[in-house]
Structures are given as structure tokens and as C-alpha cells.
>>> print(open('model.pdb').read())   # PDB, C-alpha atoms and all ligand atoms
ATOM      1  CA  MET A   1     -47.428   2.220  63.263  1.00  0.00           C
ATOM      2  CA  GLU A   2     -47.203   5.994  63.203  1.00  0.00           C
ATOM      3  CA  LEU A   3     -45.442   7.880  60.441  1.00  0.00           C
ATOM      4  CA  LYS A   4     -43.980  11.361  60.423  1.00  0.00           C
ATOM      5  CA  THR A   5     -46.813  13.556  59.123  1.00  0.00           C
ATOM      6  CA  GLU A   6     -44.556  14.784  56.311  1.00  0.00           C
ATOM      7  CA  ASN A   7     -44.612  11.258  54.864  1.00  0.00           C
ATOM      8  CA  PHE A   8     -48.395  11.007  54.444  1.00  0.00           C
ATOM      9  CA  TYR A   9     -48.290  11.740  50.718  1.00  0.00           C
ATOM     10  CA  ARG A  10     -46.110   8.687  50.081  1.00  0.00           C
ATOM     11  CA  ILE A  11     -49.049   6.488  51.020  1.00  0.00           C
ATOM     12  CA  VAL A  12     -51.397   8.256  48.600  1.00  0.00           C
ATOM     13  CA  ALA A  13     -49.574   6.538  45.771  1.00  0.00           C
ATOM     14  CA  PRO A  14     -49.043   5.667  42.998  1.00  0.00           C
ATOM     15  CA  ARG A  15     -50.027   9.033  41.598  1.00  0.00           C
ATOM     16  CA  PRO A  16     -50.472   9.878  37.911  1.00  0.00           C
ATOM     17  CA  THR A  17     -47.534  11.932  36.768  1.00  0.00           C
ATOM     18  CA  VAL A  18     -47.837  14.711  34.201  1.00  0.00           C
ATOM     19  CA  LEU A  19     -45.334  16.876  32.385  1.00  0.00           C
ATOM     20  CA  ILE A  20     -46.197  20.546  32.701  1.00  0.00           C
ATOM     21  CA  SER A  21     -44.869  22.678  29.876  1.00  0.00           C
ATOM     22  CA  THR A  22     -44.566  26.443  30.131  1.00  0.00           C
ATOM     23  CA  THR A  23     -42.708  29.324  28.538  1.00  0.00           C
ATOM     24  CA  ASP A  24     -41.160  32.525  29.843  1.00  0.00           C
ATOM     25  CA  GLY A  25     -41.873  34.086  26.465  1.00  0.00           C
ATOM     26  CA  VAL A  26     -38.518  33.003  25.022  1.00  0.00           C
ATOM     27  CA  ASN A  27     -37.543  29.619  26.461  1.00  0.00           C
ATOM     28  CA  SER A  28     -39.784  26.591  26.890  1.00  0.00           C
ATOM     29  CA  ASN A  29     -39.707  24.543  30.086  1.00  0.00           C
ATOM     30  CA  ALA A  30     -41.082  21.162  31.158  1.00  0.00           C
ATOM     31  CA  ALA A  31     -41.105  19.321  34.477  1.00  0.00           C
ATOM     32  CA  PRO A  32     -42.942  16.324  35.954  1.00  0.00           C
ATOM     33  CA  PHE A  33     -45.578  16.815  38.645  1.00  0.00           C
ATOM     34  CA  SER A  34     -47.549  14.222  40.592  1.00  0.00           C
ATOM     35  CA  PHE A  35     -49.361  16.448  43.107  1.00  0.00           C
ATOM     36  CA  VAL A  36     -52.119  16.837  40.501  1.00  0.00           C
ATOM     37  CA  MET A  37     -55.918  16.582  40.675  1.00  0.00           C
ATOM     38  CA  PRO A  38     -59.059  17.437  38.700  1.00  0.00           C
ATOM     39  CA  VAL A  39     -61.152  19.948  40.692  1.00  0.00           C
ATOM     40  CA  SER A  40     -64.191  20.704  38.525  1.00  0.00           C
ATOM     41  CA  VAL A  41     -65.813  19.177  35.455  1.00  0.00           C
ATOM     42  CA  LYS A  42     -67.774  22.195  34.171  1.00  0.00           C
ATOM     43  CA  PRO A  43     -65.911  24.435  33.929  1.00  0.00           C
ATOM     44  CA  ALA A  44     -62.997  22.029  33.564  1.00  0.00           C
ATOM     45  CA  LEU A  45     -60.499  22.905  36.285  1.00  0.00           C
ATOM     46  CA  ILE A  46     -57.283  21.128  37.216  1.00  0.00           C
ATOM     47  CA  ALA A  47     -54.962  21.760  40.160  1.00  0.00           C
ATOM     48  CA  PHE A  48     -51.363  20.961  40.901  1.00  0.00           C
ATOM     49  CA  SER A  49     -48.963  21.854  43.648  1.00  0.00           C
ATOM     50  CA  CYS A  50     -45.650  23.453  42.728  1.00  0.00           C
ATOM     51  CA  GLY A  51     -42.688  23.946  45.055  1.00  0.00           C
ATOM     52  CA  HIS A  52     -41.340  27.487  45.494  1.00  0.00           C
ATOM     53  CA  GLY A  53     -38.504  28.647  43.281  1.00  0.00           C
ATOM     54  CA  LYS A  54     -39.296  26.403  40.308  1.00  0.00           C
ATOM     55  CA  ASP A  55     -39.156  27.663  36.724  1.00  0.00           C
ATOM     56  CA  THR A  56     -42.642  26.245  36.137  1.00  0.00           C
ATOM     57  CA  LEU A  57     -44.050  28.569  38.806  1.00  0.00           C
ATOM     58  CA  ALA A  58     -42.130  31.624  37.558  1.00  0.00           C
ATOM     59  CA  ASN A  59     -43.315  30.989  33.980  1.00  0.00           C
ATOM     60  CA  ILE A  60     -46.950  30.517  34.975  1.00  0.00           C
ATOM     61  CA  ARG A  61     -46.824  33.735  36.994  1.00  0.00           C
ATOM     62  CA  LYS A  62     -45.454  35.499  33.939  1.00  0.00           C
ATOM     63  CA  THR A  63     -47.692  34.123  31.182  1.00  0.00           C
ATOM     64  CA  LYS A  64     -50.707  32.739  33.137  1.00  0.00           C
ATOM     65  CA  GLU A  65     -50.680  29.686  30.873  1.00  0.00           C
ATOM     66  CA  PHE A  66     -49.477  26.072  30.990  1.00  0.00           C
ATOM     67  CA  VAL A  67     -50.005  22.705  29.309  1.00  0.00           C
ATOM     68  CA  VAL A  68     -50.634  19.520  31.289  1.00  0.00           C
ATOM     69  CA  ASN A  69     -49.104  16.812  29.072  1.00  0.00           C
ATOM     70  CA  VAL A  70     -49.872  13.199  30.048  1.00  0.00           C
ATOM     71  CA  PRO A  71     -46.840  10.987  29.379  1.00  0.00           C
ATOM     72  CA  SER A  72     -46.981   7.234  28.878  1.00  0.00           C
ATOM     73  CA  SER A  73     -44.538   4.838  30.494  1.00  0.00           C
ATOM     74  CA  GLU A  74     -42.686   4.682  27.160  1.00  0.00           C
ATOM     75  CA  ILE A  75     -41.101   8.063  27.802  1.00  0.00           C
ATOM     76  CA  LEU A  76     -40.166   7.487  31.442  1.00  0.00           C
ATOM     77  CA  ASP A  77     -36.471   8.268  30.831  1.00  0.00           C
ATOM     78  CA  ALA A  78     -37.335  11.603  29.247  1.00  0.00           C
ATOM     79  CA  VAL A  79     -39.683  12.413  32.148  1.00  0.00           C
ATOM     80  CA  TRP A  80     -36.814  11.667  34.512  1.00  0.00           C
ATOM     81  CA  VAL A  81     -34.471  14.018  32.623  1.00  0.00           C
ATOM     82  CA  CYS A  82     -37.112  16.771  32.812  1.00  0.00           C
ATOM     83  CA  SER A  83     -37.179  16.435  36.620  1.00  0.00           C
ATOM     84  CA  LYS A  84     -33.554  17.527  36.923  1.00  0.00           C
ATOM     85  CA  LYS A  85     -32.645  21.067  37.848  1.00  0.00           C
ATOM     86  CA  PHE A  86     -31.444  22.979  34.783  1.00  0.00           C
ATOM     87  CA  PRO A  87     -30.746  26.697  34.386  1.00  0.00           C
ATOM     88  CA  ASN A  88     -33.942  28.458  33.289  1.00  0.00           C
ATOM     89  CA  ASP A  89     -32.678  29.010  29.737  1.00  0.00           C
ATOM     90  CA  VAL A  90     -32.384  25.245  29.174  1.00  0.00           C
ATOM     91  CA  ASN A  91     -35.305  23.768  27.254  1.00  0.00           C
ATOM     92  CA  GLU A  92     -35.983  20.437  29.020  1.00  0.00           C
ATOM     93  CA  ILE A  93     -38.221  19.279  26.177  1.00  0.00           C
ATOM     94  CA  ILE A  94     -35.292  19.312  23.759  1.00  0.00           C
ATOM     95  CA  LYS A  95     -32.751  18.289  26.415  1.00  0.00           C
ATOM     96  CA  SER A  96     -34.740  15.120  27.136  1.00  0.00           C
ATOM     97  CA  GLY A  97     -35.100  14.220  23.454  1.00  0.00           C
ATOM     98  CA  LEU A  98     -38.800  15.096  23.312  1.00  0.00           C
ATOM     99  CA  THR A  99     -40.443  17.279  20.683  1.00  0.00           C
ATOM    100  CA  GLU A 100     -42.282  20.572  21.044  1.00  0.00           C
ATOM    101  CA  ARG A 101     -45.407  21.196  19.074  1.00  0.00           C
ATOM    102  CA  LYS A 102     -47.608  24.246  18.862  1.00  0.00           C
ATOM    103  CA  SER A 103     -50.562  24.312  21.245  1.00  0.00           C
ATOM    104  CA  LYS A 104     -53.991  25.236  19.867  1.00  0.00           C
ATOM    105  CA  LYS A 105     -55.169  27.965  22.260  1.00  0.00           C
ATOM    106  CA  ILE A 106     -52.175  29.049  24.328  1.00  0.00           C
ATOM    107  CA  LYS A 107     -48.540  30.026  23.825  1.00  0.00           C
ATOM    108  CA  PRO A 108     -46.656  27.338  25.824  1.00  0.00           C
ATOM    109  CA  PRO A 109     -45.795  24.376  23.581  1.00  0.00           C
ATOM    110  CA  SER A 110     -47.219  20.888  23.997  1.00  0.00           C
ATOM    111  CA  ILE A 111     -45.039  17.780  24.079  1.00  0.00           C
ATOM    112  CA  ASP A 112     -45.635  15.657  21.022  1.00  0.00           C
ATOM    113  CA  GLU A 113     -44.737  12.244  22.495  1.00  0.00           C
ATOM    114  CA  CYS A 114     -47.412  12.445  25.221  1.00  0.00           C
ATOM    115  CA  ILE A 115     -50.794  10.720  25.018  1.00  0.00           C
ATOM    116  CA  ALA A 116     -53.036  13.583  26.165  1.00  0.00           C
ATOM    117  CA  TRP A 117     -52.787  17.347  26.385  1.00  0.00           C
ATOM    118  CA  PHE A 118     -54.764  19.847  28.481  1.00  0.00           C
ATOM    119  CA  GLU A 119     -54.145  23.467  27.569  1.00  0.00           C
ATOM    120  CA  CYS A 120     -54.770  25.604  30.648  1.00  0.00           C
ATOM    121  CA  LYS A 121     -55.097  29.217  31.652  1.00  0.00           C
ATOM    122  CA  LEU A 122     -54.306  30.174  35.249  1.00  0.00           C
ATOM    123  CA  GLU A 123     -57.448  30.568  37.339  1.00  0.00           C
ATOM    124  CA  PHE A 124     -55.670  31.357  40.612  1.00  0.00           C
ATOM    125  CA  GLU A 125     -52.680  30.493  42.740  1.00  0.00           C
ATOM    126  CA  LYS A 126     -52.474  30.204  46.514  1.00  0.00           C
ATOM    127  CA  ASP A 127     -49.568  29.657  48.847  1.00  0.00           C
ATOM    128  CA  MET A 128     -50.036  26.290  50.580  1.00  0.00           C
ATOM    129  CA  GLY A 129     -47.288  25.456  53.070  1.00  0.00           C
ATOM    130  CA  ASP A 130     -44.114  24.601  51.212  1.00  0.00           C
ATOM    131  CA  HIS A 131     -45.938  24.502  47.858  1.00  0.00           C
ATOM    132  CA  VAL A 132     -48.094  26.828  45.783  1.00  0.00           C
ATOM    133  CA  LEU A 133     -51.468  25.527  44.649  1.00  0.00           C
ATOM    134  CA  ILE A 134     -52.052  26.314  40.987  1.00  0.00           C
ATOM    135  CA  VAL A 135     -55.554  25.979  39.588  1.00  0.00           C
ATOM    136  CA  GLY A 136     -56.034  26.220  35.850  1.00  0.00           C
ATOM    137  CA  GLU A 137     -59.034  26.220  33.567  1.00  0.00           C
ATOM    138  CA  VAL A 138     -58.693  23.608  30.850  1.00  0.00           C
ATOM    139  CA  LEU A 139     -59.345  25.393  27.546  1.00  0.00           C
ATOM    140  CA  ASN A 140     -58.524  22.559  25.158  1.00  0.00           C
ATOM    141  CA  VAL A 141     -58.231  18.787  25.542  1.00  0.00           C
ATOM    142  CA  GLU A 142     -56.726  16.332  23.078  1.00  0.00           C
ATOM    143  CA  VAL A 143     -55.866  12.640  23.318  1.00  0.00           C
ATOM    144  CA  ILE A 144     -54.194  10.226  20.932  1.00  0.00           C
ATOM    145  CA  ASP A 145     -56.729   8.263  18.869  1.00  0.00           C
ATOM    146  CA  GLU A 146     -55.515   4.897  20.242  1.00  0.00           C
ATOM    147  CA  ILE A 147     -56.888   5.784  23.695  1.00  0.00           C
ATOM    148  CA  SER A 148     -60.538   5.830  22.555  1.00  0.00           C
ATOM    149  CA  LYS A 149     -62.189   2.553  23.492  1.00  0.00           C
ATOM    150  CA  ASP A 150     -65.944   1.938  23.128  1.00  0.00           C
ATOM    151  CA  GLU A 151     -67.508   4.635  25.288  1.00  0.00           C
ATOM    152  CA  GLY A 152     -64.436   5.065  27.482  1.00  0.00           C
ATOM    153  CA  PHE A 153     -60.706   5.484  27.375  1.00  0.00           C
ATOM    154  CA  ASP A 154     -58.037   2.808  27.386  1.00  0.00           C
ATOM    155  CA  VAL A 155     -55.574   4.261  29.859  1.00  0.00           C
ATOM    156  CA  LEU A 156     -54.573   1.036  31.645  1.00  0.00           C
ATOM    157  CA  GLU A 157     -50.852   0.337  31.358  1.00  0.00           C
ATOM    158  CA  ARG A 158     -50.353   3.659  29.645  1.00  0.00           C
ATOM    159  CA  VAL A 159     -50.528   6.436  32.231  1.00  0.00           C
ATOM    160  CA  LEU A 160     -47.261   6.727  34.091  1.00  0.00           C
ATOM    161  CA  MET A 161     -47.597   6.791  37.864  1.00  0.00           C
ATOM    162  CA  HIS A 162     -45.079   7.737  40.529  1.00  0.00           C
ATOM    163  CA  LEU A 163     -44.503   5.706  43.682  1.00  0.00           C
ATOM    164  CA  THR A 164     -41.487   7.405  45.241  1.00  0.00           C
ATOM    165  CA  GLY A 165     -37.952   8.401  44.256  1.00  0.00           C
ATOM    166  CA  ARG A 166     -36.987   6.509  41.080  1.00  0.00           C
ATOM    167  CA  ASP A 167     -39.932   4.084  41.383  1.00  0.00           C
ATOM    168  CA  PHE A 168     -42.759   4.359  38.876  1.00  0.00           C
ATOM    169  CA  THR A 169     -45.559   2.000  37.889  1.00  0.00           C
ATOM    170  CA  VAL A 170     -48.522   1.626  35.540  1.00  0.00           C
ATOM    171  CA  SER A 171     -51.901   0.173  36.478  1.00  0.00           C
ATOM    172  CA  GLY A 172     -52.625  -3.193  34.898  1.00  0.00           C
ATOM    173  CA  LYS A 173     -55.682  -4.574  36.610  1.00  0.00           C
ATOM    174  CA  ILE A 174     -59.355  -3.601  36.672  1.00  0.00           C
ATOM    175  CA  LEU A 175     -61.160  -4.377  39.946  1.00  0.00           C
ATOM    176  CA  ASN A 176     -64.951  -4.214  40.326  1.00  0.00           C
ATOM    177  CA  PRO A 177     -66.928  -4.136  43.591  1.00  0.00           C
ATOM    178  CA  LYS A 178     -68.793  -7.423  44.202  1.00  0.00           C
ATOM    179  CA  ILE A 179     -71.916  -5.536  45.306  1.00  0.00           C
ATOM    180  CA  GLU A 180     -74.230  -3.217  43.298  1.00  0.00           C
TER     181      GLU A 180
HETATM  182  C1  LIG B 201     -42.286  11.862  39.282  1.00  0.00           C
HETATM  183  C2  LIG B 201     -42.020  13.225  39.811  1.00  0.00           C
HETATM  184  C3  LIG B 201     -43.066  13.976  40.329  1.00  0.00           C
HETATM  185  C4  LIG B 201     -42.850  15.261  40.818  1.00  0.00           C
HETATM  186  N1  LIG B 201     -43.905  15.969  41.322  1.00  0.00           N
HETATM  187  C5  LIG B 201     -43.717  17.226  41.771  1.00  0.00           C
HETATM  188  C6  LIG B 201     -44.818  17.972  42.270  1.00  0.00           C
HETATM  189  O1  LIG B 201     -45.972  17.535  42.266  1.00  0.00           O
HETATM  190  N2  LIG B 201     -44.572  19.249  42.708  1.00  0.00           N
HETATM  191  C7  LIG B 201     -43.314  19.780  42.673  1.00  0.00           C
HETATM  192  O2  LIG B 201     -43.146  20.935  43.072  1.00  0.00           O
HETATM  193  N3  LIG B 201     -42.258  19.098  42.195  1.00  0.00           N
HETATM  194  C8  LIG B 201     -42.429  17.844  41.732  1.00  0.00           C
HETATM  195  N4  LIG B 201     -41.379  17.135  41.237  1.00  0.00           N
HETATM  196  C9  LIG B 201     -40.062  17.783  41.149  1.00  0.00           C
HETATM  197  C10 LIG B 201     -39.945  18.691  39.893  1.00  0.00           C
HETATM  198  O3  LIG B 201     -40.215  17.960  38.714  1.00  0.00           O
HETATM  199  C11 LIG B 201     -38.498  19.249  39.829  1.00  0.00           C
HETATM  200  O4  LIG B 201     -38.272  20.063  40.953  1.00  0.00           O
HETATM  201  C12 LIG B 201     -38.201  20.020  38.555  1.00  0.00           C
HETATM  202  O5  LIG B 201     -36.806  20.252  38.484  1.00  0.00           O
HETATM  203  C13 LIG B 201     -38.882  21.376  38.505  1.00  0.00           C
HETATM  204  O6  LIG B 201     -38.505  21.950  37.281  1.00  0.00           O
HETATM  205  P1  LIG B 201     -38.647  23.487  36.939  1.00  0.00           P
HETATM  206  O7  LIG B 201     -37.732  24.280  37.872  1.00  0.00           O
HETATM  207  O8  LIG B 201     -38.210  23.551  35.503  1.00  0.00           O
HETATM  208  O9  LIG B 201     -40.087  23.867  37.126  1.00  0.00           O
HETATM  209  C14 LIG B 201     -41.546  15.827  40.773  1.00  0.00           C
HETATM  210  C15 LIG B 201     -40.488  15.071  40.262  1.00  0.00           C
HETATM  211  C16 LIG B 201     -40.721  13.782  39.795  1.00  0.00           C
HETATM  212  C17 LIG B 201     -39.572  12.977  39.246  1.00  0.00           C
END
>>> encode(input="model.pdb", output="C-alpha cells")
Amino acid sequence: MELKTENFYRIVAPRPTVLISTTDGVNSNAAPFSFVMPVSVKPALIAFSCGHGKDTLANIRKTKEFVVNVPSSEILDAVWVCSKKFPNDVNEIIKSGLTERKSKKIKPPSIDECIAWFECKLEFEKDMGDHVLIVGEVLNVEVIDEISKDEGFDVLERVLMHLTGRDFTVSGKILNPKIE
């Protein structure tokens, strides 16, 4: 069956969902984003796609900084509140019942209840169709201690992923290829 091309992204799902926190210098802002991908390991670069007219975009253009906060499924309701359109002087972190905490290397605050935090400085932005591609260099990375597991990270059932609309999921199953 053929789909409208504009629906392709709904098949590339579920997608990890992050909360991006920014500041305009006075007010803090946070919103969920799922068009997110790592683009380089060294230097550490991360990209996300932001629709035009969003406070997140305006703040990043102003300060050149943002935090990628990784929420767990436990704060899904707060993530949902942050996705709503508020006037730009409304602090979604407080509005959603979450807590701001000082970031280590940049001015925008981090969100305390998340499980990982990537402090980023804007590398570049580029208009891409109906979105703007934002690439940031990750200057500082922190995770909650509970995530460390042997040599790896225990992210199963923690990282919140978006399917579509109000539907979210978490991954619960590890699959391995049967061949070497
Ligand atoms: C799970 C989820 C994922 C989202 N992903 C994106 C995204 O990748 N890009 C985008 O522009 N908007 C995305 N949105 C919509 C923004 O979160 C929403 O427009 C928000 O109000 C923007 O806030 P701001 O104006 O404070 O930046 C997403 C919403 C939800 C609920």
C-alpha cells in the first residue's frame, strides 16, 4: 500500500523523545522533540528538527545554547504539558511540575527529573522544508547513576519513545541476531 509521503516519519517509530530546555535570557522554556539523532561521536554532535515559530528555535537563535534532557516514562504527563503552546513568558518546566537545576557549562537550565542531560552549544542551523535542522555540540553529558550497568547503560523500559499523537511506548525486549 502507498502512503502520502508526508506520513513517512510515522513509520520510523517509536522515536526517543527528549525535552529541550532553553532560555531567552530571562524566561526558561522546555518542549518535547522526537526528530532527534546523534550525528558525530568525536566531536559529540546531536541534531534535532524544530518547526518554525517555536520558542525553542527563537531561544537557541538568541543564546546559541540548549540542553537535551532525556525523560523517563515516569514523567510522561509533564512531557505532555510541555508540548502545549504557551506564551513565551511561561516557564513550561515549572508549569509542568518539573524542577529546574543549574547546568554545568551553559546558561539554559537542566530538568532535574530527567535521566540524562546533554549540554549543547549551537554548531549550525539550516532551513529544511517545514523544519529547521539544529546541530549542537555536546559540551557536557551526565546520566543518573542507576543507568550504569556493567560496561553499558540500562536504558530499557526507561527512555520514553513517541509513536504518534498521544501514544508513547518504552522498549522492553532485547533481540539479538542469530548469526555472527
Ligand atoms: C512527543 C512529541 C514530540 C515532538 N517532536 C517535535 C519535533 O521533533 N519537532 C518539532 O518541531 N516539534 C515537536 N513536537 C511539538 C513541540 O513539542 C510543540 O510544538 C511545543 O509546543 C513547542 O514548544 P516551544 O514553542 O516552547 O518551543 C513534539 C511534540 C510531542 C508531544
>>> closest_atom_pairs(input="model.pdb", of="chain A", to="ligand LIG 201 (chain B)", cutoff="6 Å", atoms="all atoms listed in the file", output="CSV")
residue,atom,partner,partner_atom,distance
A:Thr17,CA,B:LIG201,C1,5.8
A:Asn29,CA,B:LIG201,O8,5.7
A:Ala30,CA,B:LIG201,O8,5.7
A:Ala31,CA,B:LIG201,O3,4.5
A:Pro32,CA,B:LIG201,O3,4.2
A:Phe33,CA,B:LIG201,N1,3.3
A:Ser34,CA,B:LIG201,O1,4.0
A:Phe35,CA,B:LIG201,O1,3.7
A:Ser49,CA,B:LIG201,N2,5.2
A:Cys50,CA,B:LIG201,O2,3.6
A:Gly51,CA,B:LIG201,O2,3.6
A:Lys54,CA,B:LIG201,O7,3.6
A:Asp55,CA,B:LIG201,O7,3.8
A:Thr56,CA,B:LIG201,O9,3.6
A:Trp80,CA,B:LIG201,C17,5.6
A:Ser83,CA,B:LIG201,O3,4.0
A:Lys84,CA,B:LIG201,O5,4.5
A:Lys85,CA,B:LIG201,O5,4.3
A:His162,CA,B:LIG201,C1,5.1
>>> atom_distance(input="model.pdb", atom1="atom CA of Asp24 of chain A", atom2="atom CA of Pro87 of chain A")
12.8 Å
>>> closest_residue(input="model.pdb", among="A:Leu45, A:Leu76, A:Met37, A:Val70", to="Phe168 of chain A", atoms="all atoms listed in the file")
A:Leu76
>>> atom_distance(input="model.pdb", atom1="atom CA of Val132 of chain A", atom2="atom CA of Val36 of chain A")
12.0 Å
>>> closest_atom_pairs(input="model.pdb", of="segment 139-165 of chain A", to="segment 109-131 of chain A", cutoff="7 Å", atoms="all atoms listed in the file", output="CSV")
residue,atom,partner,partner_atom,distance
A:Leu139,CA,A:Cys120,CA,5.5
A:Asn140,CA,A:Glu119,CA,5.1
A:Val141,CA,A:Phe118,CA,4.7
A:Glu142,CA,A:Trp117,CA,5.2
A:Val143,CA,A:Ala116,CA,4.1
A:Ile144,CA,A:Ile115,CA,5.3
>>> closest_atom_pairs(input="model.pdb", of="segment 37-129 of chain A", to="segment 153-160 of chain A", cutoff="7 Å", atoms="all atoms listed in the file", output="tab-separated table")
residue	atom	partner	partner_atom	distance
A:Pro71	CA	A:Leu160	CA	6.4
A:Ser72	CA	A:Val159	CA	4.9
A:Ser73	CA	A:Leu160	CA	4.9
>>> atom_distance(input="model.pdb", atom1="atom CA of Ile94 of chain A", atom2="atom CA of Asn69 of chain A")
15.0 Å
>>> resolve_selection(input="model.pdb", expression="the PyMOL selection byres (((chain A and resi 62-66) around 8) and not hetatm)", output="PDB file with C-alpha atoms, keeping the file's coordinate frame")
ATOM      1  CA  ILE A  20     -46.197  20.546  32.701  1.00  0.00           C
ATOM      2  CA  SER A  21     -44.869  22.678  29.876  1.00  0.00           C
ATOM      3  CA  THR A  22     -44.566  26.443  30.131  1.00  0.00           C
ATOM      4  CA  THR A  23     -42.708  29.324  28.538  1.00  0.00           C
ATOM      5  CA  ASP A  24     -41.160  32.525  29.843  1.00  0.00           C
ATOM      6  CA  GLY A  25     -41.873  34.086  26.465  1.00  0.00           C
ATOM      7  CA  ALA A  58     -42.130  31.624  37.558  1.00  0.00           C
ATOM      8  CA  ASN A  59     -43.315  30.989  33.980  1.00  0.00           C
ATOM      9  CA  ILE A  60     -46.950  30.517  34.975  1.00  0.00           C
ATOM     10  CA  ARG A  61     -46.824  33.735  36.994  1.00  0.00           C
ATOM     11  CA  VAL A  67     -50.005  22.705  29.309  1.00  0.00           C
ATOM     12  CA  VAL A  68     -50.634  19.520  31.289  1.00  0.00           C
ATOM     13  CA  ILE A 106     -52.175  29.049  24.328  1.00  0.00           C
ATOM     14  CA  LYS A 107     -48.540  30.026  23.825  1.00  0.00           C
ATOM     15  CA  PRO A 108     -46.656  27.338  25.824  1.00  0.00           C
ATOM     16  CA  GLU A 119     -54.145  23.467  27.569  1.00  0.00           C
ATOM     17  CA  CYS A 120     -54.770  25.604  30.648  1.00  0.00           C
ATOM     18  CA  LYS A 121     -55.097  29.217  31.652  1.00  0.00           C
ATOM     19  CA  LEU A 122     -54.306  30.174  35.249  1.00  0.00           C
TER      20      LEU A 122
END
>>> axis_aligned_box(input="model.pdb", around="segment 135-147 of chain A", padding_each_side="4 Å", output="AutoDock Vina command-line options")
--center_x -56.8 --center_y 15.6 --center_z 29.2 --size_x 13.2 --size_y 29.3 --size_z 28.7
>>> closest_residue(input="model.pdb", among="A:Val170, A:Val12, A:Val26, A:Val41", to="Glu74 of chain A", atoms="all atoms listed in the file")
A:Val170
>>> closest_residue(input="model.pdb", among="A:Leu19, A:Val39, A:Ile134, A:Ile46", to="Glu92 of chain A", atoms="all atoms listed in the file")
A:Leu19
>>> closest_residue(input="model.pdb", among="A:Asp89, A:Lys104, A:Glu137, A:Leu57", to="Lys42 of chain A", atoms="all atoms listed in the file")
A:Glu137
>>> closest_residue(input="model.pdb", among="A:Asn88, A:Gly165, A:Asp145, A:Leu98", to="Gly53 of chain A", atoms="only C-alpha atoms")
A:Asn88
>>> closest_residue(input="model.pdb", among="A:Val135, A:Leu163, A:Asp150, A:Ile179", to="Ile11 of chain A", atoms="only C-alpha atoms")
A:Leu163
>>> build_atoms(input="model.pdb", residues="segment 159-171 of chain A", atoms="N, CA and C atoms", output="mmCIF file, keeping the file's coordinate frame")
data_model
loop_
_atom_site.group_PDB
_atom_site.id
_atom_site.type_symbol
_atom_site.label_atom_id
_atom_site.label_comp_id
_atom_site.auth_asym_id
_atom_site.auth_seq_id
_atom_site.Cartn_x
_atom_site.Cartn_y
_atom_site.Cartn_z
ATOM 1 N N VAL A 159 -50.833 5.239 31.438
ATOM 2 C CA VAL A 159 -50.528 6.436 32.231
ATOM 3 C C VAL A 159 -49.448 6.125 33.264
ATOM 4 N N LEU A 160 -48.408 6.920 33.212
ATOM 5 C CA LEU A 160 -47.261 6.727 34.091
ATOM 6 C C LEU A 160 -47.612 7.211 35.495
ATOM 7 N N MET A 161 -47.285 6.382 36.494
ATOM 8 C CA MET A 161 -47.597 6.791 37.864
ATOM 9 C C MET A 161 -46.344 6.712 38.726
ATOM 10 N N HIS A 162 -46.264 7.638 39.681
ATOM 11 C CA HIS A 162 -45.079 7.737 40.529
ATOM 12 C C HIS A 162 -45.351 7.110 41.896
ATOM 13 N N LEU A 163 -44.427 6.265 42.327
ATOM 14 C CA LEU A 163 -44.503 5.706 43.682
ATOM 15 C C LEU A 163 -43.692 6.583 44.612
ATOM 16 N N THR A 164 -42.368 6.538 44.468
ATOM 17 C CA THR A 164 -41.487 7.405 45.241
ATOM 18 C C THR A 164 -40.095 7.332 44.619
ATOM 19 N N GLY A 165 -39.319 8.397 44.778
ATOM 20 C CA GLY A 165 -37.952 8.401 44.256
ATOM 21 C C GLY A 165 -37.908 8.012 42.784
ATOM 22 N N ARG A 166 -37.123 6.951 42.473
ATOM 23 C CA ARG A 166 -36.987 6.509 41.080
ATOM 24 C C ARG A 166 -38.009 5.435 40.720
ATOM 25 N N ASP A 167 -38.964 5.166 41.620
ATOM 26 C CA ASP A 167 -39.932 4.084 41.383
ATOM 27 C C ASP A 167 -41.225 4.593 40.751
ATOM 28 N N PHE A 168 -41.533 4.030 39.597
ATOM 29 C CA PHE A 168 -42.759 4.359 38.876
ATOM 30 C C PHE A 168 -43.530 3.066 38.623
ATOM 31 N N THR A 169 -44.776 3.187 38.224
ATOM 32 C CA THR A 169 -45.559 2.000 37.889
ATOM 33 C C THR A 169 -46.630 2.382 36.870
ATOM 34 N N VAL A 170 -47.317 1.381 36.333
ATOM 35 C CA VAL A 170 -48.522 1.626 35.540
ATOM 36 C C VAL A 170 -49.594 0.699 36.104
ATOM 37 N N SER A 171 -50.862 1.062 35.953
ATOM 38 C CA SER A 171 -51.901 0.173 36.478
ATOM 39 C C SER A 171 -52.201 -0.880 35.417
#
